[in-house]
>>> print(open('target-v5.tsv').read())   # TSV, N, CA and C atoms
chain	number	residue	atom	x	y	z
G	1	VAL	N	-9.64	-2.31	17.98
G	1	VAL	CA	-9.42	-2.66	16.58
G	1	VAL	C	-8.74	-1.48	15.89
G	2	GLN	N	-7.66	-1.76	15.18
G	2	GLN	CA	-6.89	-0.69	14.58
G	2	GLN	C	-6.13	-1.17	13.36
G	3	LEU	N	-6.04	-0.29	12.37
G	3	LEU	CA	-5.15	-0.47	11.23
G	3	LEU	C	-4.21	0.73	11.22
G	4	VAL	N	-2.92	0.47	11.15
G	4	VAL	CA	-1.95	1.55	11.17
G	4	VAL	C	-1.04	1.42	9.96
G	5	GLU	N	-1.08	2.45	9.10
G	5	GLU	CA	-0.21	2.47	7.93
G	5	GLU	C	1.12	3.13	8.28
G	6	SER	N	2.15	2.71	7.60
G	6	SER	CA	3.46	3.33	7.73
G	6	SER	C	4.21	3.17	6.42
G	7	GLY	N	5.31	3.90	6.29
G	7	GLY	CA	6.16	3.78	5.12
G	7	GLY	C	6.02	4.88	4.10
G	8	GLY	N	5.09	5.80	4.33
G	8	GLY	CA	4.95	6.91	3.41
G	8	GLY	C	6.09	7.90	3.55
G	9	GLY	N	6.12	8.87	2.65
G	9	GLY	CA	7.16	9.88	2.71
G	9	GLY	C	7.32	10.59	1.40
G	10	LEU	N	8.44	11.29	1.27
G	10	LEU	CA	8.77	12.03	0.06
G	10	LEU	C	9.75	11.21	-0.78
G	11	VAL	N	9.43	11.06	-2.05
G	11	VAL	CA	10.29	10.29	-2.95
G	11	VAL	C	10.34	10.99	-4.30
G	12	GLN	N	11.46	10.85	-4.98
G	12	GLN	CA	11.59	11.46	-6.31
G	12	GLN	C	10.86	10.63	-7.36
G	13	PRO	N	10.46	11.26	-8.44
G	13	PRO	CA	9.85	10.49	-9.54
G	13	PRO	C	10.76	9.35	-9.98
G	14	GLY	N	10.13	8.20	-10.20
G	14	GLY	CA	10.90	7.01	-10.55
G	14	GLY	C	11.33	6.17	-9.36
G	15	GLY	N	11.14	6.71	-8.18
G	15	GLY	CA	11.55	6.00	-6.97
G	15	GLY	C	10.52	4.99	-6.50
G	16	SER	N	10.82	4.38	-5.35
G	16	SER	CA	9.97	3.33	-4.80
G	16	SER	C	9.70	3.58	-3.33
G	17	LEU	N	8.57	3.09	-2.90
G	17	LEU	CA	8.22	3.07	-1.49
G	17	LEU	C	7.47	1.77	-1.20
G	18	ARG	N	7.58	1.32	0.04
G	18	ARG	CA	6.81	0.17	0.48
G	18	ARG	C	5.96	0.58	1.67
G	19	LEU	N	4.67	0.54	1.50
G	19	LEU	CA	3.75	0.85	2.59
G	19	LEU	C	3.41	-0.42	3.35
G	20	SER	N	3.25	-0.26	4.64
G	20	SER	CA	2.88	-1.37	5.50
G	20	SER	C	1.60	-1.03	6.24
G	21	CYS	N	0.77	-2.03	6.46
G	21	CYS	CA	-0.48	-1.86	7.19
G	21	CYS	C	-0.51	-2.91	8.30
G	22	ALA	N	-0.42	-2.46	9.53
G	22	ALA	CA	-0.41	-3.36	10.68
G	22	ALA	C	-1.77	-3.37	11.35
G	23	ALA	N	-2.33	-4.55	11.50
G	23	ALA	CA	-3.64	-4.69	12.13
G	23	ALA	C	-3.48	-5.14	13.58
G	24	SER	N	-4.33	-4.63	14.44
G	24	SER	CA	-4.37	-5.06	15.83
G	24	SER	C	-5.83	-5.15	16.27
G	25	GLY	N	-6.11	-6.06	17.18
G	25	GLY	CA	-7.46	-6.23	17.69
G	25	GLY	C	-8.32	-7.18	16.88
G	26	PHE	N	-7.84	-7.62	15.74
G	26	PHE	CA	-8.54	-8.60	14.92
G	26	PHE	C	-7.53	-9.26	14.01
G	27	ALA	N	-7.90	-10.40	13.45
G	27	ALA	CA	-7.04	-11.13	12.52
G	27	ALA	C	-7.46	-10.82	11.09
G	28	ILE	N	-6.49	-10.42	10.27
G	28	ILE	CA	-6.83	-10.05	8.89
G	28	ILE	C	-7.10	-11.26	8.00
G	29	SER	N	-6.85	-12.46	8.51
G	29	SER	CA	-6.88	-13.65	7.66
G	29	SER	C	-8.20	-13.84	6.93
G	30	GLY	N	-9.30	-13.40	7.52
G	30	GLY	CA	-10.59	-13.58	6.87
G	30	GLY	C	-11.05	-12.38	6.06
G	31	TYR	N	-10.22	-11.37	5.99
G	31	TYR	CA	-10.59	-10.11	5.36
G	31	TYR	C	-9.91	-9.94	4.00
G	32	HIS	N	-10.64	-9.40	3.05
G	32	HIS	CA	-10.03	-8.88	1.85
G	32	HIS	C	-9.31	-7.59	2.24
G	33	MET	N	-8.11	-7.43	1.75
G	33	MET	CA	-7.34	-6.24	2.08
G	33	MET	C	-7.21	-5.36	0.84
G	34	ARG	N	-7.34	-4.07	1.07
G	34	ARG	CA	-7.30	-3.11	-0.04
G	34	ARG	C	-6.49	-1.90	0.36
G	35	TRP	N	-5.93	-1.25	-0.66
G	35	TRP	CA	-5.29	0.05	-0.49
G	35	TRP	C	-6.04	1.05	-1.36
G	36	TYR	N	-6.36	2.16	-0.76
G	36	TYR	CA	-6.99	3.29	-1.46
G	36	TYR	C	-6.05	4.49	-1.35
G	37	ARG	N	-6.30	5.47	-2.20
G	37	ARG	CA	-5.60	6.74	-2.07
G	37	ARG	C	-6.55	7.89	-2.35
G	38	GLN	N	-6.20	9.02	-1.78
G	38	GLN	CA	-7.00	10.22	-2.00
G	38	GLN	C	-6.07	11.41	-2.16
G	39	ALA	N	-6.11	11.99	-3.35
G	39	ALA	CA	-5.32	13.19	-3.63
G	39	ALA	C	-6.14	14.43	-3.26
G	40	PRO	N	-5.48	15.54	-3.03
G	40	PRO	CA	-6.21	16.76	-2.66
G	40	PRO	C	-7.26	17.13	-3.70
G	41	GLY	N	-8.47	17.36	-3.23
G	41	GLY	CA	-9.55	17.77	-4.12
G	41	GLY	C	-10.17	16.65	-4.94
G	42	LYS	N	-9.76	15.41	-4.67
G	42	LYS	CA	-10.28	14.28	-5.43
G	42	LYS	C	-10.92	13.25	-4.49
G	43	GLY	N	-11.68	12.34	-5.09
G	43	GLY	CA	-12.31	11.29	-4.31
G	43	GLY	C	-11.33	10.17	-4.00
G	44	ARG	N	-11.75	9.27	-3.13
G	44	ARG	CA	-10.91	8.14	-2.75
G	44	ARG	C	-10.93	7.11	-3.87
G	45	GLU	N	-9.73	6.63	-4.23
G	45	GLU	CA	-9.56	5.72	-5.37
G	45	GLU	C	-8.96	4.41	-4.90
G	46	LEU	N	-9.54	3.29	-5.33
G	46	LEU	CA	-8.96	1.98	-5.04
G	46	LEU	C	-7.73	1.78	-5.92
G	47	VAL	N	-6.60	1.41	-5.30
G	47	VAL	CA	-5.38	1.20	-6.08
G	47	VAL	C	-4.88	-0.24	-6.03
G	48	ALA	N	-5.36	-1.03	-5.09
G	48	ALA	CA	-4.92	-2.42	-5.04
G	48	ALA	C	-5.83	-3.20	-4.11
G	49	ALA	N	-6.06	-4.47	-4.48
G	49	ALA	CA	-6.90	-5.34	-3.65
G	49	ALA	C	-6.34	-6.75	-3.71
G	50	ILE	N	-6.49	-7.45	-2.59
G	50	ILE	CA	-6.06	-8.84	-2.51
G	50	ILE	C	-7.12	-9.61	-1.72
G	51	THR	N	-7.43	-10.81	-2.21
G	51	THR	CA	-8.44	-11.61	-1.54
G	51	THR	C	-7.95	-12.09	-0.18
G	52	SER	N	-8.90	-12.58	0.63
G	52	SER	CA	-8.54	-13.06	1.96
G	52	SER	C	-7.55	-14.22	1.89
G	53	ALA	N	-7.67	-15.03	0.85
G	53	ALA	CA	-6.75	-16.16	0.69
G	53	ALA	C	-5.44	-15.75	0.05
G	54	GLY	N	-5.40	-14.55	-0.47
G	54	GLY	CA	-4.19	-14.08	-1.13
G	54	GLY	C	-3.98	-14.67	-2.51
G	55	ASP	N	-5.03	-15.25	-3.09
G	55	ASP	CA	-4.86	-15.94	-4.36
G	55	ASP	C	-5.25	-15.10	-5.56
G	56	SER	N	-5.68	-13.89	-5.32
G	56	SER	CA	-6.06	-13.02	-6.44
G	56	SER	C	-5.83	-11.58	-6.04
G	57	THR	N	-5.32	-10.81	-7.00
G	57	THR	CA	-5.11	-9.38	-6.79
G	57	THR	C	-5.75	-8.60	-7.93
G	58	ASN	N	-5.96	-7.33	-7.67
G	58	ASN	CA	-6.61	-6.49	-8.68
G	58	ASN	C	-6.06	-5.08	-8.57
G	59	TYR	N	-5.83	-4.46	-9.74
G	59	TYR	CA	-5.28	-3.10	-9.79
G	59	TYR	C	-5.96	-2.31	-10.90
G	60	PRO	N	-6.13	-1.01	-10.72
G	60	PRO	CA	-6.59	-0.20	-11.84
G	60	PRO	C	-5.45	0.01	-12.83
G	61	ASP	N	-5.80	0.40	-14.03
G	61	ASP	CA	-4.78	0.59	-15.07
G	61	ASP	C	-3.74	1.64	-14.68
G	62	SER	N	-4.14	2.59	-13.84
G	62	SER	CA	-3.23	3.68	-13.49
G	62	SER	C	-2.01	3.21	-12.71
G	63	VAL	N	-2.10	2.06	-12.03
G	63	VAL	CA	-0.97	1.58	-11.24
G	63	VAL	C	-0.52	0.17	-11.64
G	64	LYS	N	-1.23	-0.47	-12.54
G	64	LYS	CA	-0.92	-1.84	-12.93
G	64	LYS	C	0.50	-1.93	-13.47
G	65	GLY	N	1.23	-2.92	-12.98
G	65	GLY	CA	2.61	-3.09	-13.40
G	65	GLY	C	3.60	-2.31	-12.56
G	66	ARG	N	3.11	-1.39	-11.74
G	66	ARG	CA	3.99	-0.59	-10.89
G	66	ARG	C	3.77	-0.88	-9.40
G	67	PHE	N	2.54	-1.18	-9.02
G	67	PHE	CA	2.19	-1.44	-7.63
G	67	PHE	C	1.94	-2.93	-7.43
G	68	THR	N	2.31	-3.42	-6.25
G	68	THR	CA	2.07	-4.81	-5.90
G	68	THR	C	1.56	-4.88	-4.46
G	69	ILE	N	0.40	-5.48	-4.29
G	69	ILE	CA	-0.15	-5.69	-2.96
G	69	ILE	C	0.19	-7.10	-2.50
G	70	SER	N	0.46	-7.23	-1.21
G	70	SER	CA	0.73	-8.55	-0.64
G	70	SER	C	0.23	-8.57	0.80
G	71	ARG	N	0.23	-9.74	1.39
G	71	ARG	CA	-0.23	-9.87	2.75
G	71	ARG	C	0.54	-10.96	3.46
G	72	ASP	N	0.66	-10.81	4.76
G	72	ASP	CA	1.29	-11.81	5.61
G	72	ASP	C	0.33	-12.02	6.79
G	73	ASN	N	-0.50	-13.03	6.66
G	73	ASN	CA	-1.51	-13.25	7.71
G	73	ASN	C	-0.87	-13.61	9.04
G	74	ALA	N	0.26	-14.28	9.01
G	74	ALA	CA	0.93	-14.65	10.26
G	74	ALA	C	1.41	-13.41	11.02
G	75	GLN	N	1.83	-12.39	10.26
G	75	GLN	CA	2.27	-11.13	10.86
G	75	GLN	C	1.13	-10.14	11.02
G	76	ASN	N	-0.04	-10.51	10.50
G	76	ASN	CA	-1.22	-9.63	10.56
G	76	ASN	C	-0.96	-8.29	9.88
G	77	ARG	N	-0.32	-8.38	8.72
G	77	ARG	CA	0.05	-7.18	7.97
G	77	ARG	C	-0.27	-7.31	6.49
G	78	ALA	N	-0.48	-6.17	5.89
G	78	ALA	CA	-0.59	-6.08	4.43
G	78	ALA	C	0.42	-5.04	3.96
G	79	TYR	N	0.78	-5.15	2.68
G	79	TYR	CA	1.83	-4.29	2.14
G	79	TYR	C	1.42	-3.77	0.77
G	80	LEU	N	2.01	-2.64	0.42
G	80	LEU	CA	1.87	-2.11	-0.93
G	80	LEU	C	3.25	-1.67	-1.40
G	81	GLN	N	3.80	-2.41	-2.34
G	81	GLN	CA	5.08	-2.04	-2.95
G	81	GLN	C	4.78	-1.14	-4.15
G	82	MET	N	5.35	0.04	-4.14
G	82	MET	CA	5.10	1.02	-5.20
G	82	MET	C	6.41	1.35	-5.89
G	83	ASN	N	6.49	1.05	-7.17
G	83	ASN	CA	7.69	1.30	-7.96
G	83	ASN	C	7.38	2.31	-9.07
G	84	SER	N	8.42	2.84	-9.65
G	84	SER	CA	8.29	3.80	-10.76
G	84	SER	C	7.26	4.88	-10.42
G	85	LEU	N	7.40	5.46	-9.27
G	85	LEU	CA	6.41	6.43	-8.80
G	85	LEU	C	6.40	7.68	-9.65
G	86	LYS	N	5.21	8.23	-9.80
G	86	LYS	CA	4.99	9.42	-10.61
G	86	LYS	C	4.40	10.53	-9.73
G	87	PRO	N	4.56	11.79	-10.12
G	87	PRO	CA	3.97	12.87	-9.33
G	87	PRO	C	2.46	12.68	-9.11
G	88	GLU	N	1.78	12.11	-10.07
G	88	GLU	CA	0.34	11.89	-9.93
G	88	GLU	C	-0.02	10.79	-8.92
G	89	ASP	N	0.97	10.10	-8.41
G	89	ASP	CA	0.73	9.13	-7.33
G	89	ASP	C	0.68	9.81	-5.96
G	90	THR	N	0.97	11.09	-5.92
G	90	THR	CA	0.93	11.83	-4.66
G	90	THR	C	-0.48	11.82	-4.08
G	91	ALA	N	-0.59	11.35	-2.84
G	91	ALA	CA	-1.90	11.22	-2.20
G	91	ALA	C	-1.69	10.71	-0.78
G	92	VAL	N	-2.77	10.71	-0.03
G	92	VAL	CA	-2.80	9.98	1.23
G	92	VAL	C	-3.28	8.56	0.91
G	93	TYR	N	-2.52	7.58	1.39
G	93	TYR	CA	-2.82	6.18	1.12
G	93	TYR	C	-3.43	5.54	2.37
G	94	TYR	N	-4.54	4.84	2.15
G	94	TYR	CA	-5.29	4.23	3.24
G	94	TYR	C	-5.36	2.72	3.08
G	95	CYS	N	-5.20	2.04	4.17
G	95	CYS	CA	-5.40	0.60	4.24
G	95	CYS	C	-6.85	0.32	4.63
G	96	HIS	N	-7.43	-0.72	4.05
G	96	HIS	CA	-8.82	-1.07	4.31
G	96	HIS	C	-8.93	-2.58	4.43
G	97	ALA	N	-9.55	-3.03	5.51
G	97	ALA	CA	-9.83	-4.45	5.72
G	97	ALA	C	-11.33	-4.65	5.57
G	98	TYR	N	-11.72	-5.51	4.61
G	98	TYR	CA	-13.14	-5.66	4.28
G	98	TYR	C	-13.60	-7.09	4.51
G	99	TRP	N	-14.65	-7.19	5.35
G	99	TRP	CA	-15.33	-8.49	5.54
G	99	TRP	C	-16.71	-8.44	4.92
G	100	SER	N	-17.43	-7.38	5.19
G	100	SER	CA	-18.78	-7.20	4.67
G	100	SER	C	-19.08	-5.71	4.68
G	101	PRO	N	-20.20	-5.31	4.07
G	101	PRO	CA	-20.53	-3.86	4.08
G	101	PRO	C	-20.66	-3.27	5.48
G	102	ILE	N	-20.92	-4.11	6.47
G	102	ILE	CA	-21.06	-3.56	7.81
G	102	ILE	C	-19.91	-3.97	8.72
G	103	LEU	N	-18.97	-4.69	8.20
G	103	LEU	CA	-17.80	-5.07	8.99
G	103	LEU	C	-16.54	-4.81	8.15
G	104	HIS	N	-15.98	-3.65	8.36
G	104	HIS	CA	-14.76	-3.28	7.67
G	104	HIS	C	-14.07	-2.18	8.46
G	105	TYR	N	-12.78	-2.04	8.24
G	105	TYR	CA	-11.98	-1.10	9.02
G	105	TYR	C	-11.07	-0.30	8.11
G	106	TRP	N	-10.85	0.94	8.51
G	106	TRP	CA	-9.95	1.85	7.78
G	106	TRP	C	-8.78	2.23	8.67
G	107	GLY	N	-7.63	2.42	8.04
G	107	GLY	CA	-6.52	3.04	8.74
G	107	GLY	C	-6.62	4.55	8.67
G	108	GLN	N	-5.66	5.22	9.31
G	108	GLN	CA	-5.70	6.68	9.38
G	108	GLN	C	-5.02	7.34	8.18
G	109	GLY	N	-4.30	6.56	7.40
G	109	GLY	CA	-3.66	7.08	6.20
G	109	GLY	C	-2.20	7.45	6.39
G	110	THR	N	-1.46	7.37	5.31
G	110	THR	CA	-0.06	7.80	5.30
G	110	THR	C	0.19	8.59	4.02
G	111	GLN	N	0.90	9.70	4.17
G	111	GLN	CA	1.12	10.60	3.03
G	111	GLN	C	2.25	10.10	2.16
G	112	VAL	N	2.00	10.06	0.87
G	112	VAL	CA	3.03	9.78	-0.13
G	112	VAL	C	3.13	10.99	-1.04
G	113	THR	N	4.32	11.55	-1.14
G	113	THR	CA	4.56	12.70	-2.00
G	113	THR	C	5.67	12.36	-2.97
G	114	VAL	N	5.35	12.48	-4.26
G	114	VAL	CA	6.33	12.20	-5.31
G	114	VAL	C	6.68	13.52	-5.98
G	115	SER	N	7.90	13.97	-5.75
G	115	SER	CA	8.31	15.28	-6.25
G	115	SER	C	9.83	15.34	-6.32
G	116	SER	N	10.32	16.10	-7.29
G	116	SER	CA	11.75	16.33	-7.39
G	116	SER	C	12.14	17.60	-6.65
>>> encode(input="target-v5.tsv", output="structure tokens")
Amino acid sequence: VQLVESGGGLVQPGGSLRLSCAASGFAISGYHMRWYRQAPGKGRELVAAITSAGDSTNYPDSVKGRFTISRDNAQNRAYLQMNSLKPEDTAVYYCHAYWSPILHYWGQGTQVTVSS
């Protein structure tokens, strides 16, 4: 069972990145999918969530209107489109597949750095 994030990197303020989360060893179709981030010296923060059916999404105010989470159950992938990036978005971004408190999986993270 594995979640692998990709698509991180260095981007200038105002730029965009699209993160991808590829699942293997299980089907994400029954899982709520989430993206978290963790900046240096800070706790892990939820930045986007999508239900297993894909019919509802949720974002904190800090990224609302700039980030969009989506999923493709047929491809067994989830995505995070990040637009209008700011230096404060710099963090390691983690994919999370949640079924229950005792059945959930984390990816290894991908670094996003927003800097000029």
>>> select_by_dssp(input="target-v5.tsv", residues="chain G", states="strand (DSSP E)", output="count of residues only")
63
>>> atom_distance(input="target-v5.tsv", atom1="atom CA of Thr90 of chain G", atom2="atom CA of Ser24 of chain G")
27.1 Å
>>> residues_around(input="target-v5.tsv", residues="Pro60 of chain G", least_positions_apart="4", cutoff="7 Å", atoms="only N, CA and C atoms", output="PDB file with N, CA and C atoms, in the frame of the given file")
ATOM      1  N   LEU G  46      -9.540   3.290  -5.330  1.00  0.00           N
ATOM      2  CA  LEU G  46      -8.960   1.980  -5.040  1.00  0.00           C
ATOM      3  C   LEU G  46      -7.730   1.780  -5.920  1.00  0.00           C
ATOM      4  N   VAL G  47      -6.600   1.410  -5.300  1.00  0.00           N
ATOM      5  CA  VAL G  47      -5.380   1.200  -6.080  1.00  0.00           C
ATOM      6  C   VAL G  47      -4.880  -0.240  -6.030  1.00  0.00           C
ATOM      7  N   ALA G  48      -5.360  -1.030  -5.090  1.00  0.00           N
ATOM      8  CA  ALA G  48      -4.920  -2.420  -5.040  1.00  0.00           C
ATOM      9  C   ALA G  48      -5.830  -3.200  -4.110  1.00  0.00           C
ATOM     10  N   LYS G  64      -1.230  -0.470 -12.540  1.00  0.00           N
ATOM     11  CA  LYS G  64      -0.920  -1.840 -12.930  1.00  0.00           C
ATOM     12  C   LYS G  64       0.500  -1.930 -13.470  1.00  0.00           C
TER      13      LYS G  64
END
>>> closest_residue(input="target-v5.tsv", among="G:Thr68, G:Ser52, G:Gln75, G:Ser62", to="Asp89 of chain G", atoms="only C-alpha atoms")
G:Ser62
>>> residues_around(input="target-v5.tsv", residues="Leu19 of chain G", least_positions_apart="5", cutoff="8 Å", atoms="all atoms listed in the file", output="ChimeraX atom specification")
/G:5-8,78-82
>>> atom_distance(input="target-v5.tsv", atom1="atom CA of Val112 of chain G", atom2="atom CA of Leu17 of chain G")
8.6 Å
>>> select_by_dssp(input="target-v5.tsv", residues="chain G", states="helix (DSSP H, G or I)", output="PyMOL selection string")
chain G and resi 28-30+87-89
>>> axis_aligned_box(input="target-v5.tsv", around="segment 85-93 of chain G", padding_each_side="4 Å", output="lines of an AutoDock Vina configuration file")
center_x = 2.0
center_y = 9.2
center_z = -4.1
size_x = 18.8
size_y = 15.4
size_z = 21.0
>>> residues_around(input="target-v5.tsv", residues="Ser100 of chain G", least_positions_apart="3", cutoff="9 Å", atoms="only C-alpha atoms", output="list in words")
Tyr31, Leu103 and His104 of chain G
>>> residues_around(input="target-v5.tsv", residues="Glu45 of chain G", least_positions_apart="4", cutoff="7 Å", atoms="all atoms listed in the file", output="PyMOL selection string")
chain G and resi 35-39
>>> atom_distance(input="target-v5.tsv", atom1="atom C of Tyr59 of chain G", atom2="atom CA of Gln108 of chain G")
22.2 Å
>>> closest_residue(input="target-v5.tsv", among="G:Gly65, G:Gly9, G:Ser70, G:Ile50", to="Gln111 of chain G", atoms="all atoms listed in the file")
G:Gly9
>>> decode(input="target-v5.tsv", residues="segment 15-25 of chain G", atoms="all heavy atoms", output="PDB file, in the first residue's frame")
ATOM      1  N   GLY G  15       2.619  32.172  -9.026  1.00  0.00           N
ATOM      2  CA  GLY G  15       2.640  31.043  -9.942  1.00  0.00           C
ATOM      3  C   GLY G  15       1.706  29.923  -9.515  1.00  0.00           C
ATOM      4  O   GLY G  15       0.969  30.031  -8.525  1.00  0.00           O
ATOM      5  N   SER G  16       1.752  28.835 -10.285  1.00  0.00           N
ATOM      6  CA  SER G  16       0.866  27.699 -10.058  1.00  0.00           C
ATOM      7  C   SER G  16       1.656  26.399 -10.061  1.00  0.00           C
ATOM      8  O   SER G  16       2.706  26.290 -10.701  1.00  0.00           O
ATOM      9  CB  SER G  16      -0.193  27.619 -11.161  1.00  0.00           C
ATOM     10  OG  SER G  16      -1.027  28.766 -11.160  1.00  0.00           O
ATOM     11  N   LEU G  17       1.127  25.445  -9.339  1.00  0.00           N
ATOM     12  CA  LEU G  17       1.629  24.087  -9.359  1.00  0.00           C
ATOM     13  C   LEU G  17       0.444  23.130  -9.259  1.00  0.00           C
ATOM     14  O   LEU G  17      -0.581  23.465  -8.651  1.00  0.00           O
ATOM     15  CB  LEU G  17       2.572  23.806  -8.185  1.00  0.00           C
ATOM     16  CG  LEU G  17       4.003  24.330  -8.248  1.00  0.00           C
ATOM     17  CD1 LEU G  17       4.716  24.057  -6.921  1.00  0.00           C
ATOM     18  CD2 LEU G  17       4.773  23.716  -9.395  1.00  0.00           C
ATOM     19  N   ARG G  18       0.623  21.946  -9.822  1.00  0.00           N
ATOM     20  CA  ARG G  18      -0.378  20.903  -9.674  1.00  0.00           C
ATOM     21  C   ARG G  18       0.275  19.686  -9.040  1.00  0.00           C
ATOM     22  O   ARG G  18       1.177  19.084  -9.640  1.00  0.00           O
ATOM     23  CB  ARG G  18      -0.983  20.525 -11.021  1.00  0.00           C
ATOM     24  CG  ARG G  18      -2.178  19.582 -10.907  1.00  0.00           C
ATOM     25  CD  ARG G  18      -2.570  19.016 -12.246  1.00  0.00           C
ATOM     26  NE  ARG G  18      -3.882  18.387 -12.214  1.00  0.00           N
ATOM     27  CZ  ARG G  18      -4.241  17.397 -13.016  1.00  0.00           C
ATOM     28  NH1 ARG G  18      -3.371  16.924 -13.915  1.00  0.00           N
ATOM     29  NH2 ARG G  18      -5.454  16.878 -12.947  1.00  0.00           N
ATOM     30  N   LEU G  19      -0.169  19.348  -7.855  1.00  0.00           N
ATOM     31  CA  LEU G  19       0.337  18.166  -7.166  1.00  0.00           C
ATOM     32  C   LEU G  19      -0.520  16.964  -7.532  1.00  0.00           C
ATOM     33  O   LEU G  19      -1.739  17.071  -7.708  1.00  0.00           O
ATOM     34  CB  LEU G  19       0.321  18.371  -5.659  1.00  0.00           C
ATOM     35  CG  LEU G  19       1.065  19.595  -5.125  1.00  0.00           C
ATOM     36  CD1 LEU G  19       1.033  19.584  -3.598  1.00  0.00           C
ATOM     37  CD2 LEU G  19       2.479  19.665  -5.642  1.00  0.00           C
ATOM     38  N   SER G  20       0.136  15.831  -7.622  1.00  0.00           N
ATOM     39  CA  SER G  20      -0.546  14.586  -7.923  1.00  0.00           C
ATOM     40  C   SER G  20      -0.253  13.579  -6.819  1.00  0.00           C
ATOM     41  O   SER G  20       0.861  13.559  -6.277  1.00  0.00           O
ATOM     42  CB  SER G  20      -0.073  14.045  -9.269  1.00  0.00           C
ATOM     43  OG  SER G  20      -0.690  12.809  -9.571  1.00  0.00           O
ATOM     44  N   CYS G  21      -1.234  12.760  -6.510  1.00  0.00           N
ATOM     45  CA  CYS G  21      -1.090  11.712  -5.496  1.00  0.00           C
ATOM     46  C   CYS G  21      -1.526  10.393  -6.138  1.00  0.00           C
ATOM     47  O   CYS G  21      -2.710  10.227  -6.460  1.00  0.00           O
ATOM     48  CB  CYS G  21      -1.946  12.037  -4.289  1.00  0.00           C
ATOM     49  SG  CYS G  21      -2.067  10.730  -3.056  1.00  0.00           S
ATOM     50  N   ALA G  22      -0.579   9.505  -6.332  1.00  0.00           N
ATOM     51  CA  ALA G  22      -0.855   8.219  -6.953  1.00  0.00           C
ATOM     52  C   ALA G  22      -0.922   7.126  -5.899  1.00  0.00           C
ATOM     53  O   ALA G  22       0.015   6.963  -5.108  1.00  0.00           O
ATOM     54  CB  ALA G  22       0.220   7.892  -7.976  1.00  0.00           C
ATOM     55  N   ALA G  23      -2.016   6.405  -5.883  1.00  0.00           N
ATOM     56  CA  ALA G  23      -2.204   5.323  -4.914  1.00  0.00           C
ATOM     57  C   ALA G  23      -1.915   3.978  -5.565  1.00  0.00           C
ATOM     58  O   ALA G  23      -2.223   3.765  -6.741  1.00  0.00           O
ATOM     59  CB  ALA G  23      -3.621   5.337  -4.371  1.00  0.00           C
ATOM     60  N   SER G  24      -1.325   3.086  -4.804  1.00  0.00           N
ATOM     61  CA  SER G  24      -1.106   1.716  -5.263  1.00  0.00           C
ATOM     62  C   SER G  24      -1.363   0.770  -4.098  1.00  0.00           C
ATOM     63  O   SER G  24      -1.181   1.121  -2.938  1.00  0.00           O
ATOM     64  CB  SER G  24       0.313   1.530  -5.802  1.00  0.00           C
ATOM     65  OG  SER G  24       1.262   1.825  -4.808  1.00  0.00           O
ATOM     66  N   GLY G  25      -1.829  -0.419  -4.408  1.00  0.00           N
ATOM     67  CA  GLY G  25      -2.102  -1.421  -3.384  1.00  0.00           C
ATOM     68  C   GLY G  25      -3.492  -1.347  -2.787  1.00  0.00           C
ATOM     69  O   GLY G  25      -3.868  -2.210  -1.987  1.00  0.00           O
TER      70      GLY G  25
END
